[in-house]
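Participant: The following file, query.cif, comprises mmCIF, C-alpha atoms and all ligand atoms:
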```
data_upload
#
loop_
_atom_site.label_atom_id
_atom_site.label_comp_id
_atom_site.auth_asym_id
_atom_site.auth_seq_id
_atom_site.Cartn_x
_atom_site.Cartn_y
_atom_site.Cartn_z
CA MET H 232 15.98 -13.41 -30.64
CA LYS H 233 18.81 -14.51 -32.95
CA THR H 234 19.88 -17.71 -31.17
CA GLU H 235 18.72 -20.80 -33.08
CA PRO H 236 16.77 -23.48 -31.17
CA PRO H 237 18.68 -26.72 -30.50
CA GLN H 238 17.80 -29.67 -32.76
CA SER H 239 15.53 -31.40 -30.25
CA SER H 240 13.45 -28.25 -29.68
CA ILE H 241 12.75 -27.47 -33.33
CA ALA H 242 9.54 -29.53 -33.54
CA ILE H 243 8.22 -28.07 -30.26
CA VAL H 244 9.09 -24.51 -31.29
CA SER H 245 7.46 -24.83 -34.71
CA SER H 246 4.33 -26.51 -33.34
CA GLU H 247 3.85 -23.90 -30.63
CA ASP H 248 4.48 -21.07 -33.06
CA ARG H 249 1.95 -22.59 -35.45
CA PHE H 250 -0.90 -22.92 -32.96
CA GLN H 251 -0.34 -20.23 -30.35
CA LEU H 252 -0.82 -16.48 -30.80
CA ALA H 253 2.54 -14.81 -31.27
CA THR H 254 2.18 -12.47 -28.28
CA TYR H 255 5.57 -13.19 -26.69
CA LYS H 256 9.15 -12.78 -27.74
CA LYS H 257 10.38 -16.19 -26.65
CA MET H 258 13.76 -17.69 -25.92
CA PRO H 259 14.40 -20.48 -28.44
CA ILE H 260 14.43 -23.27 -25.86
CA ALA H 261 11.78 -25.75 -24.74
CA ALA H 262 11.60 -26.16 -20.97
CA VAL H 263 10.96 -29.67 -19.67
CA ARG H 264 11.89 -29.82 -16.01
CA GLY H 265 13.49 -27.75 -13.29
CA LYS H 266 15.25 -28.12 -9.97
CA GLY H 267 15.99 -25.10 -7.79
CA VAL H 268 17.66 -22.46 -9.95
CA TRP H 269 18.26 -24.87 -12.82
CA LEU H 270 16.02 -25.27 -15.83
CA TYR H 271 16.46 -28.28 -18.15
CA THR H 272 15.44 -28.21 -21.80
CA SER H 273 14.14 -30.82 -24.25
CA ASP H 274 17.73 -31.72 -25.18
CA ASP H 275 18.64 -31.96 -21.48
CA GLU H 276 20.71 -28.79 -21.55
CA LYS H 277 20.98 -27.14 -18.13
CA TYR H 278 20.34 -23.39 -17.80
CA LEU H 279 21.05 -21.22 -14.78
CA ASP H 280 17.69 -19.48 -14.38
CA LEU H 281 17.97 -15.97 -12.93
CA TYR H 282 14.55 -14.93 -14.20
CA GLY H 283 12.24 -17.58 -12.73
CA GLY H 284 9.56 -17.34 -15.42
CA HIS H 285 8.75 -13.69 -14.67
CA ALA H 286 9.63 -13.85 -10.92
CA VAL H 287 7.30 -16.80 -10.29
CA ALA H 288 9.73 -19.53 -9.22
CA GLY H 289 10.47 -17.89 -5.85
CA THR H 290 11.06 -21.18 -4.05
CA GLY H 291 13.00 -22.50 -7.05
CA HIS H 292 11.71 -24.87 -9.69
CA SER H 293 9.63 -27.74 -8.34
CA HIS H 294 10.60 -27.34 -4.68
CA PRO H 295 9.96 -30.82 -3.18
CA HIS H 296 7.89 -29.51 -0.26
CA VAL H 297 5.62 -27.52 -2.59
CA VAL H 298 5.34 -30.37 -5.10
CA ALA H 299 4.40 -32.84 -2.37
CA ALA H 300 1.73 -30.50 -0.95
CA ILE H 301 0.19 -29.92 -4.38
CA ALA H 302 0.23 -33.63 -5.23
CA GLU H 303 -1.32 -34.59 -1.91
CA GLN H 304 -4.07 -31.99 -2.26
CA ALA H 305 -4.71 -32.91 -5.90
CA GLY H 306 -5.37 -36.49 -4.79
CA LYS H 307 -7.90 -35.33 -2.18
CA LEU H 308 -9.88 -32.52 -3.81
CA LEU H 309 -8.76 -30.40 -6.75
CA PHE H 310 -11.24 -27.64 -6.26
CA TYR H 311 -14.31 -26.30 -4.63
CA SER H 312 -15.31 -22.66 -4.65
CA ASN H 313 -15.83 -20.23 -1.77
CA LEU H 314 -19.35 -21.55 -1.33
CA VAL H 315 -17.91 -24.07 1.12
CA TYR H 316 -15.38 -23.83 3.94
CA SER H 317 -12.06 -25.59 3.56
CA GLU H 318 -9.30 -26.39 6.02
CA VAL H 319 -6.62 -25.93 3.41
CA ARG H 320 -7.97 -22.44 2.59
CA ALA H 321 -8.25 -21.51 6.28
CA THR H 322 -4.63 -22.61 6.81
CA ALA H 323 -3.32 -20.61 3.83
CA ALA H 324 -5.22 -17.47 4.90
CA GLU H 325 -3.97 -17.73 8.49
CA LYS H 326 -0.39 -18.37 7.39
CA LEU H 327 -0.37 -15.43 4.96
CA VAL H 328 -1.89 -13.05 7.51
CA SER H 329 0.61 -14.27 10.14
CA ILE H 330 3.60 -13.11 8.07
CA ALA H 331 1.95 -9.84 6.95
CA PRO H 332 2.51 -6.51 8.75
CA ASP H 333 0.32 -6.47 11.90
CA SER H 334 -2.28 -4.02 10.59
CA LEU H 335 -3.15 -6.23 7.59
CA THR H 336 -5.49 -8.77 9.08
CA LYS H 337 -7.58 -10.24 6.27
CA VAL H 338 -7.03 -11.67 2.79
CA PHE H 339 -8.99 -12.01 -0.44
CA PHE H 340 -7.69 -14.73 -2.77
CA CYS H 341 -7.85 -14.47 -6.55
CA ASN H 342 -5.82 -15.79 -9.46
CA SER H 343 -3.32 -13.25 -10.79
CA GLY H 344 -1.61 -9.94 -10.21
CA THR H 345 -3.89 -7.92 -12.42
CA GLU H 346 -6.96 -9.37 -10.69
CA ALA H 347 -5.50 -8.58 -7.27
CA ASN H 348 -4.97 -4.97 -8.37
CA GLU H 349 -8.48 -4.67 -9.85
CA ASN H 350 -9.93 -5.86 -6.56
CA ALA H 351 -7.69 -3.58 -4.51
CA MET H 352 -8.85 -0.56 -6.52
CA ARG H 353 -12.47 -1.68 -6.20
CA MET H 354 -12.13 -1.99 -2.43
CA ALA H 355 -10.64 1.50 -2.26
CA ARG H 356 -13.52 2.94 -4.31
CA LEU H 357 -16.17 1.05 -2.33
CA THR H 358 -14.80 2.06 1.04
CA THR H 359 -14.09 5.72 0.26
CA GLY H 360 -17.09 6.36 -2.02
CA ARG H 361 -14.66 8.06 -4.42
CA ASP H 362 -13.79 7.22 -8.04
CA ASN H 363 -10.30 8.42 -8.88
CA ILE H 364 -7.03 6.49 -8.62
CA ILE H 365 -3.48 7.86 -8.77
CA THR H 366 -0.63 5.72 -10.07
CA PHE H 367 2.91 6.57 -11.17
CA SER H 368 4.93 6.95 -14.32
CA GLY H 369 6.85 3.73 -14.92
CA GLY H 370 4.50 1.54 -12.85
CA PHE H 371 3.10 -1.70 -14.27
CA HIS H 372 -0.09 -3.12 -12.77
CA GLY H 373 -1.46 -5.65 -15.27
CA ARG H 374 -3.41 -6.00 -18.47
CA THR H 375 -7.11 -6.11 -17.53
CA ALA H 376 -9.16 -2.93 -18.01
CA ASP H 377 -8.68 -1.10 -14.72
CA SER H 378 -5.10 -2.28 -14.11
CA ILE H 379 -3.93 -1.38 -17.61
CA SER H 380 -5.59 2.03 -17.26
CA ALA H 381 -3.48 2.44 -14.11
CA THR H 382 -0.29 1.50 -15.98
CA PHE H 383 1.70 4.53 -17.09
CA LEU H 384 4.55 2.56 -18.63
CA GLY H 385 5.33 2.53 -22.33
CA LYS H 386 2.51 1.54 -24.65
CA TYR H 387 0.47 -0.50 -22.18
CA ARG H 388 -2.18 2.08 -21.34
CA GLU H 389 -2.73 2.72 -25.04
CA LEU H 390 -3.38 -1.01 -25.56
CA GLY H 391 -6.22 -0.84 -23.05
CA LYS H 392 -8.17 1.89 -24.85
CA PRO H 393 -10.84 3.01 -24.13
CA ASN H 394 -9.39 3.35 -20.64
CA VAL H 395 -11.34 3.22 -17.41
CA PRO H 396 -12.02 6.86 -16.45
CA GLY H 397 -10.62 8.50 -13.33
CA HIS H 398 -6.98 7.43 -13.57
CA ARG H 399 -4.43 10.12 -12.78
CA GLN H 400 -0.65 10.01 -13.14
CA ALA H 401 2.12 11.35 -10.90
CA GLU H 402 5.90 11.16 -11.23
CA PHE H 403 7.37 8.27 -9.23
CA GLY H 404 9.40 9.51 -6.29
CA ASP H 405 8.21 13.11 -6.68
CA ILE H 406 5.91 14.20 -3.86
CA GLU H 407 5.15 17.60 -5.42
CA SER H 408 3.84 16.01 -8.62
CA LEU H 409 1.70 13.78 -6.42
CA ARG H 410 0.31 16.75 -4.50
CA ALA H 411 -0.65 18.36 -7.82
CA VAL H 412 -3.08 15.54 -8.69
CA ALA H 413 -4.21 14.47 -5.19
CA ASP H 414 -7.48 15.71 -3.71
CA GLU H 415 -10.56 14.51 -1.85
CA THR H 416 -12.01 12.79 -4.94
CA VAL H 417 -9.14 10.29 -5.01
CA ALA H 418 -9.95 6.83 -3.64
CA ALA H 419 -6.41 5.46 -3.67
CA ILE H 420 -2.79 5.82 -4.60
CA MET H 421 -1.37 2.59 -5.97
CA LEU H 422 2.29 1.90 -6.64
CA GLU H 423 4.94 -0.70 -7.19
CA PRO H 424 7.32 0.26 -4.37
CA ILE H 425 10.15 -1.00 -6.59
CA GLN H 426 9.20 -0.54 -10.23
CA SER H 427 10.44 -3.73 -11.84
CA MET H 428 9.57 -3.47 -15.55
CA ALA H 429 10.64 0.18 -15.62
CA GLY H 430 14.20 -0.98 -14.88
CA VAL H 431 14.12 -1.65 -11.12
CA ARG H 432 13.59 1.89 -9.87
CA THR H 433 12.68 2.75 -6.31
CA ALA H 434 12.13 5.87 -4.21
CA THR H 435 13.58 7.13 -0.94
CA PRO H 436 12.21 6.15 2.48
CA HIS H 437 11.31 9.85 2.83
CA PHE H 438 9.09 9.64 -0.26
CA PHE H 439 7.17 6.66 1.17
CA LYS H 440 6.63 8.54 4.44
CA GLU H 441 5.40 11.66 2.65
CA LEU H 442 3.13 9.52 0.51
CA LYS H 443 1.55 7.98 3.58
CA ASN H 444 1.12 11.40 5.22
CA LEU H 445 -0.66 12.71 2.12
CA CYS H 446 -2.95 9.66 2.05
CA ASP H 447 -3.88 10.23 5.69
CA GLU H 448 -4.39 13.96 5.14
CA LEU H 449 -6.78 13.49 2.19
CA GLY H 450 -8.42 10.19 3.24
CA MET H 451 -6.98 8.23 0.30
CA ALA H 452 -6.20 4.53 0.62
CA LEU H 453 -2.61 3.44 -0.02
CA ILE H 454 -2.14 0.30 -2.13
CA TYR H 455 1.25 -1.38 -2.59
CA ASP H 456 1.40 -3.58 -5.66
CA GLU H 457 3.80 -6.17 -4.23
CA VAL H 458 3.18 -8.64 -7.03
CA GLN H 459 6.96 -8.66 -7.57
CA THR H 460 8.36 -7.33 -4.30
CA GLY H 461 6.24 -9.56 -2.02
CA VAL H 462 6.70 -13.08 -0.63
CA GLY H 463 10.34 -12.61 0.36
CA ARG H 464 11.87 -11.25 -2.83
CA THR H 465 13.44 -8.23 -1.10
CA GLY H 466 14.85 -10.33 1.74
CA GLU H 467 11.85 -9.37 3.91
CA TRP H 468 8.44 -10.95 3.54
CA PHE H 469 7.13 -7.66 2.11
CA PHE H 470 8.49 -4.27 1.09
CA ALA H 471 5.73 -2.83 3.30
CA GLY H 472 7.08 -2.17 6.76
CA SER H 473 10.72 -2.47 5.63
CA GLY H 474 13.45 0.07 6.34
CA ALA H 475 13.84 0.70 2.61
CA GLY H 476 10.24 1.91 2.59
CA GLY H 477 10.57 4.06 5.73
CA GLY H 478 8.62 1.45 7.73
CA ILE H 479 5.38 2.49 6.00
CA VAL H 480 2.57 -0.07 5.83
CA PRO H 481 -0.20 0.56 3.27
CA ASP H 482 -3.92 -0.20 3.60
CA ILE H 483 -3.76 -2.93 0.96
CA ILE H 484 -0.96 -5.12 -0.39
CA THR H 485 -1.50 -7.06 -3.61
CA LEU H 486 0.39 -10.29 -4.32
CA ALA H 487 0.71 -12.91 -7.07
CA LYS H 488 3.77 -14.22 -9.02
CA SER H 489 5.71 -16.41 -6.57
CA LEU H 490 2.89 -16.76 -4.00
CA GLY H 491 1.99 -20.24 -5.28
CA SER H 492 5.45 -21.18 -6.66
CA GLY H 493 3.90 -21.48 -10.13
CA ILE H 494 0.29 -22.45 -9.35
CA PRO H 495 -1.69 -19.32 -10.37
CA VAL H 496 -2.80 -17.42 -7.28
CA GLY H 497 -3.18 -13.77 -6.34
CA ALA H 498 -4.16 -12.09 -3.09
CA CYS H 499 -5.11 -8.77 -1.50
CA LEU H 500 -4.08 -8.29 2.13
CA VAL H 501 -6.20 -5.58 3.78
CA THR H 502 -6.64 -3.73 7.05
CA GLU H 503 -9.43 -4.51 9.48
CA LYS H 504 -10.96 -1.11 8.65
CA ILE H 505 -11.31 -1.98 4.97
CA ALA H 506 -12.33 -5.57 5.66
CA SER H 507 -15.17 -4.42 7.90
CA GLN H 508 -16.70 -2.40 5.06
CA ILE H 509 -16.56 -5.12 2.39
CA LYS H 510 -19.83 -7.00 2.13
CA GLU H 511 -21.07 -10.22 0.58
CA ASN H 512 -20.83 -10.12 -3.23
CA ASP H 513 -18.72 -6.95 -3.36
CA LEU H 514 -15.87 -9.12 -4.68
CA GLY H 515 -15.75 -12.59 -6.14
CA THR H 516 -13.96 -14.94 -8.52
CA THR H 517 -14.65 -18.60 -9.25
CA PHE H 518 -11.16 -19.99 -8.87
CA GLY H 519 -9.90 -17.76 -6.03
CA GLY H 520 -9.12 -19.80 -2.92
CA GLY H 521 -9.19 -23.15 -4.75
CA MET H 522 -7.73 -26.04 -2.78
CA VAL H 523 -4.65 -26.80 -4.91
CA ALA H 524 -3.69 -23.12 -5.03
CA MET H 525 -4.16 -22.84 -1.26
CA ALA H 526 -1.97 -25.90 -0.63
CA ALA H 527 0.65 -24.28 -2.86
CA VAL H 528 0.51 -20.99 -0.90
CA THR H 529 1.00 -22.64 2.49
CA ALA H 530 3.78 -24.88 1.22
CA THR H 531 5.50 -21.94 -0.51
CA LEU H 532 5.58 -19.90 2.69
CA GLU H 533 6.74 -22.94 4.69
CA ALA H 534 9.51 -23.69 2.18
CA ILE H 535 10.78 -20.11 2.44
CA GLU H 536 10.83 -20.41 6.24
CA ASN H 537 12.22 -23.96 6.45
CA ASP H 538 15.10 -23.19 4.08
CA SER H 539 15.86 -19.75 5.65
CA MET H 540 15.47 -18.16 2.23
CA LEU H 541 15.02 -14.59 3.52
CA ASN H 542 18.49 -14.69 5.09
CA ASN H 543 19.89 -16.30 1.97
CA VAL H 544 18.51 -13.45 -0.16
CA LYS H 545 20.22 -10.85 2.03
CA GLU H 546 23.56 -12.69 2.13
CA VAL H 547 23.70 -13.49 -1.56
CA GLU H 548 22.57 -9.96 -2.50
CA ALA H 549 25.55 -8.54 -0.56
CA HIS H 550 27.88 -11.00 -2.30
CA PHE H 551 26.37 -10.07 -5.68
CA ARG H 552 26.97 -6.37 -5.07
CA ASN H 553 30.65 -7.10 -4.32
CA LEU H 554 30.94 -9.15 -7.50
CA MET H 555 29.37 -6.41 -9.63
CA ALA H 556 31.63 -3.74 -8.08
CA GLU H 557 34.59 -5.49 -9.78
CA ILE H 558 33.11 -5.24 -13.28
CA PRO H 559 33.98 -1.92 -14.95
CA GLN H 560 31.13 -2.08 -17.48
CA VAL H 561 28.57 -2.09 -14.63
CA SER H 562 27.62 1.47 -13.72
CA LYS H 563 25.14 0.69 -10.96
CA VAL H 564 23.26 -2.07 -9.19
CA ARG H 565 19.61 -1.19 -8.61
CA GLY H 566 16.95 -2.79 -6.46
CA LEU H 567 16.81 -4.81 -3.30
CA GLY H 568 17.22 -8.47 -2.39
CA PHE H 569 16.59 -10.61 -5.45
CA LEU H 570 14.78 -7.93 -7.44
CA LEU H 571 17.94 -6.63 -9.05
CA GLY H 572 18.72 -4.39 -11.98
CA ILE H 573 22.27 -4.23 -13.35
CA GLU H 574 22.76 -0.93 -15.11
CA PHE H 575 25.46 -1.09 -17.79
CA LYS H 576 27.35 1.60 -19.62
CA GLU H 577 26.18 -0.16 -22.78
CA LYS H 578 22.92 -1.71 -24.07
CA ALA H 579 21.66 -4.70 -22.09
CA ALA H 580 19.99 -6.65 -24.96
CA PRO H 581 23.24 -8.07 -26.46
CA ILE H 582 24.40 -8.98 -22.94
CA HIS H 583 21.10 -10.76 -22.29
CA GLU H 584 21.52 -12.66 -25.55
CA GLY H 585 25.18 -13.50 -24.89
CA LEU H 586 24.27 -14.87 -21.47
CA LEU H 587 21.55 -17.02 -22.99
CA GLU H 588 24.07 -18.48 -25.42
CA ARG H 589 26.12 -19.38 -22.33
CA LYS H 590 23.04 -20.96 -20.76
CA VAL H 591 22.17 -18.23 -18.29
CA ILE H 592 18.61 -16.85 -18.32
CA THR H 593 18.17 -13.20 -17.31
CA GLY H 594 15.59 -10.52 -18.10
CA THR H 595 15.60 -7.17 -19.80
CA SER H 596 13.42 -4.19 -18.85
CA SER H 597 11.99 -1.07 -20.44
CA ASP H 598 15.29 0.67 -19.60
CA PRO H 599 17.61 -0.39 -22.47
CA ASN H 600 20.71 -0.35 -20.26
CA VAL H 601 19.29 -2.49 -17.45
CA LEU H 602 19.45 -6.27 -17.14
CA ARG H 603 17.02 -7.69 -14.58
CA LEU H 604 17.57 -10.61 -12.24
CA LEU H 605 14.59 -12.17 -10.47
CA PRO H 606 16.04 -15.48 -9.30
CA ALA H 607 14.70 -18.04 -6.88
CA LEU H 608 15.21 -17.03 -3.25
CA CYS H 609 17.39 -20.14 -2.76
CA LEU H 610 20.05 -19.03 -5.28
CA SER H 611 23.46 -19.76 -3.76
CA ALA H 612 26.58 -17.58 -3.64
CA SER H 613 28.38 -20.10 -5.88
CA ALA H 614 25.63 -19.84 -8.52
CA MET H 615 26.07 -16.05 -8.33
CA ASP H 616 29.82 -16.56 -8.87
CA LEU H 617 29.02 -18.58 -11.97
CA PHE H 618 26.78 -15.78 -13.22
CA ALA H 619 29.51 -13.19 -12.62
CA ARG H 620 32.05 -15.32 -14.56
CA GLU H 621 29.67 -15.77 -17.49
CA LEU H 622 28.80 -12.08 -17.45
CA LYS H 623 32.47 -11.09 -17.59
CA SER H 624 33.11 -13.35 -20.57
CA VAL H 625 30.05 -11.99 -22.40
CA LEU H 626 31.21 -8.41 -21.76
CA ASP H 627 34.77 -9.26 -22.87
CA SER H 628 33.59 -10.88 -26.09
CA LEU H 629 31.23 -7.97 -26.86
CA GLY H 630 34.15 -5.59 -26.19
CA SER H 631 36.48 -7.50 -28.54
CA LYS H 632 33.79 -7.59 -31.26
CA ARG H 633 33.46 -3.81 -31.00
CA LYS H 634 37.24 -3.35 -31.36
CA ALA H 635 37.49 -5.75 -34.35
C1 LIG Y 701 4.19 -5.29 -10.41
C2 LIG Y 701 3.21 -6.10 -11.20
N1 LIG Y 701 1.89 -5.94 -10.97
C3 LIG Y 701 0.97 -6.64 -11.64
C4 LIG Y 701 1.34 -7.57 -12.60
C5 LIG Y 701 0.30 -8.36 -13.31
O1 LIG Y 701 0.33 -9.67 -12.88
P1 LIG Y 701 -0.34 -10.84 -13.73
O2 LIG Y 701 0.47 -10.99 -14.97
O3 LIG Y 701 -0.30 -12.03 -12.82
O4 LIG Y 701 -1.73 -10.40 -14.02
C6 LIG Y 701 2.69 -7.77 -12.88
C7 LIG Y 701 3.11 -8.72 -13.92
O5 LIG Y 701 4.20 -8.69 -14.45
C8 LIG Y 701 3.66 -7.01 -12.16
O6 LIG Y 701 4.96 -7.17 -12.39
#
```
Please lay out the structure from this file as structure tokens.

Facilitator:
Amino acid sequence: MKTEPPQSSIAIVSSEDRFQLATYKKMPIAAVRGKGVWLYTSDDEKYLDLYGGHAVAGTGHSHPHVVAAIAEQAGKLLFYSNLVYSEVRATAAEKLVSIAPDSLTKVFFCNSGTEANENAMRMARLTTGRDNIITFSGGFHGRTADSISATFLGKYRELGKPNVPGHRQAEFGDIESLRAVADETVAAIMLEPIQSMAGVRTATPHFFKELKNLCDELGMALIYDEVQTGVGRTGEWFFAGSGAGGGIVPDIITLAKSLGSGIPVGACLVTEKIASQIKENDLGTTFGGGMVAMAAVTATLEAIENDSMLNNVKEVEAHFRNLMAEIPQVSKVRGLGFLLGIEFKEKAAPIHEGLLERKVITGTSSDPNVLRLLPALCLSASAMDLFARELKSVLDSLGSKRKA
């Protein structure tokens, strides 16, 4: 990134670069505190954050209800594993199941999206007695061995070599390509119902219905990786069961990202049928279901409810679409709710950079023309107006530079 760090961040930037592996392309700012959709840096500059630290800050930065719940729990008991019962864990599990589609009745807690997907695939293999897994071109499922082997996006799968055997690929949205690789040796089909990293691509409700029919026909489990689409991001609690997905509910939903508002936590929601076949020791993870994470989950879901964030997402999404319709350089708005991709007639990277210079944080994707927005679910219409104004000035200044 070309932008120079501000004076007060230089020491932080150079120290972190010196001691931490250089695995990320970072923005040249040092984050210190946040409030809602605003992120404040070491020199007290205020950024409008439409990226939320990779879709994590769903309730906004440091939502007071979530912060209070974490602080209270931290003062009581930071952690004990699943070897003991815990009221805070029982409450989080009940709350999560209560907002899930009716057929998903039990939860397994873990720590991240990739771990949730590994466990979902394991449950599918254990309960079907089959080995193979089908995933789609453009899907991203994580960086641990099985999840990266399931990731047919860019160079990721290559990075995970040697891959876990038994992974098959189909074209996203194409039922015929799916039929070509599906058979009775396949344990599960796993997909991101809206492919975020691939540039916010989704499929038709018809595709999701056909997918479910094929799963039923061949006895394959259906897994929705809702690590990004879950916990209210689409304006519904989950993509599963929504109109956009033809009302289809899978056998397993995986979650992470915004589930704990920033405290690492992942989860698999499963049907009673699957739950009844999972036995002691089939799955496990030391930190899964820890007390602070569980307090964060319950408080996150409560904050979304108390602040009517699902409605807000729908209203502000509609407003956003109107705003984008007035910008000639925008060719299309992709996605749903607050998982949005703005497709431009030009490359998105300079726009992303120009916005950052104007103190607006957005994301890019593997599609060079798509800018991604993954803001907090509490983002207001006036903050969206601000974004649209800044976007127009970036596009105008890029246009004038091209003419000069
Ligand atoms: C759709 C999806 N699945 C899985 C993952 C992996 O999650 P984590 O980084 O928490 O392991 C990600 C992360 O970006 C994701 O976007």

Participant: Restricting the calculation to only C-alpha atoms, which member of H:Asn444, H:Asn553, H:Thr485, H:Gln459 is positioned closest to Val431 of chain H?

Facilitator: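 The shortest atom-to-atom distance to Val431 of chain H comes from H:Gln459.
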
Participant: Can I get the residues close to ligand LIG 701 (chain Y) as a compact mmCIF listing (two decimals) with C-alpha atoms, keeping the file's coordinate frame, where close means within 8 Å and we count all atoms listed in the file?

Facilitator:
```txt
# COMPACT_ATOMS: atom_id res chain seq x y z
CA HIS H 285 8.75 -13.69 -14.67
CA ASN H 342 -5.82 -15.79 -9.46
CA SER H 343 -3.32 -13.25 -10.79
CA GLY H 344 -1.61 -9.94 -10.21
CA THR H 345 -3.89 -7.92 -12.42
CA GLU H 346 -6.96 -9.37 -10.69
CA ALA H 347 -5.50 -8.58 -7.27
CA ASN H 348 -4.97 -4.97 -8.37
CA GLY H 370 4.50 1.54 -12.85
CA PHE H 371 3.10 -1.70 -14.27
CA HIS H 372 -0.09 -3.12 -12.77
CA GLY H 373 -1.46 -5.65 -15.27
CA ARG H 374 -3.41 -6.00 -18.47
CA THR H 375 -7.11 -6.11 -17.53
CA SER H 378 -5.10 -2.28 -14.11
CA GLU H 423 4.94 -0.70 -7.19
CA GLN H 426 9.20 -0.54 -10.23
CA SER H 427 10.44 -3.73 -11.84
CA MET H 428 9.57 -3.47 -15.55
CA ASP H 456 1.40 -3.58 -5.66
CA GLU H 457 3.80 -6.17 -4.23
CA VAL H 458 3.18 -8.64 -7.03
CA GLN H 459 6.96 -8.66 -7.57
CA THR H 460 8.36 -7.33 -4.30
CA ALA H 487 0.71 -12.91 -7.07
CA LYS H 488 3.77 -14.22 -9.02
CA PRO H 495 -1.69 -19.32 -10.37
CA GLY H 497 -3.18 -13.77 -6.34
```

Participant: Please, what distance in Å, to one decimal, runs between atom CA of Val417 of chain H and atom CA of Ala506 of chain H?

Facilitator: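 Atom CA of Val417 of chain H sits 19.4 Å away from atom CA of Ala506 of chain H.
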
Participant: Measuring atom to atom with all atoms listed in the file, identify which of H:Ile592, H:Leu449, H:Leu327, H:Leu604 is nearest to Tyr271 of chain H.

Facilitator: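 Under the stated criterion, the closest residue is H:Ile592.
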
Participant: What's the separation between atom CA of Val561 of chain H and atom CA of Asn543 of chain H, in Å to one decimal place?

Facilitator: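 Atom CA of Asn543 of chain H lies at a distance of 23.5 Å from atom CA of Val561 of chain H.
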
Participant: Could you tell me which of H:Gln508, H:Gly289, H:Asp482, H:Phe367 comes closest to Ala401 of chain H if we count only C-alpha atoms?

Facilitator: H:Phe367

Participant: So which residues touch segment 509-512 of chain H within 8 Å, counting all atoms listed in the file, skipping near sequence neighbours fewer than 6 positions away, as a PyMOL selection string?

Facilitator: chain H and resi 354+357-358

Participant: Counting all atoms listed in the file, what is within 10 Å of Pro295 of chain H, bar same-chain residues fewer than 4 positions away, as a ChimeraX atom specification?

Facilitator: /H:266-267,290-291,299-301,530,534

Participant: Output as JSON the centre and edge lengths (Å, one decimal) of the box along x, y and z of the file that holds every listed atom of segment 267-286 of chain H after adding 3 Å on each side.

Facilitator:
```
{"center_x": 14.9, "center_y": -22.8, "center_z": -16.5, "size_x": 18.3, "size_y": 24.3, "size_z": 23.4}
```

Participant: Report, in Å with one decimal, the straight-line distance from atom CA of Ser380 of chain H to atom CA of Thr435 of chain H.

Facilitator: 25.7 Å

Participant: Would you pick out the contacts of Ala286 of chain H at 9 Å or less, using only C-alpha atoms, so that residues sharing its chain but fewer than 5 positions from it are not included, and give the list as an MDAnalysis selection string?

Facilitator: chainID H and resid 281 459 464 488:489 570 604:607

Participant: What's the 12 Å shell around Asn394 of chain H, counting all atoms listed in the file, without same-chain residues fewer than 3 positions away, as a ChimeraX atom specification?

Facilitator: /H:374-383,387-391,397-399

Participant: For Glu467 of chain H, please output as a VMD selection string all residues within 12 Å (counting all atoms listed in the file; exclusion window: fewer than 2 positions along the same chain).

Facilitator: chain H and resid 330 to 332 457 460 to 465 469 to 476 478 535 to 536 539 to 545 567 to 570 608

Participant: H:Asn313, H:Val268, H:Leu453, H:Glu402: which is nearest Cys341 of chain H, counting all atoms listed in the file?

Facilitator: H:Asn313

Participant: Of the residues H:Lys590, H:Arg249, H:Lys440, H:Arg603, which is the one nearest to Tyr282 of chain H, using all atoms listed in the file?

Facilitator: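 Smallest distance to Tyr282 of chain H is found for H:Arg603.
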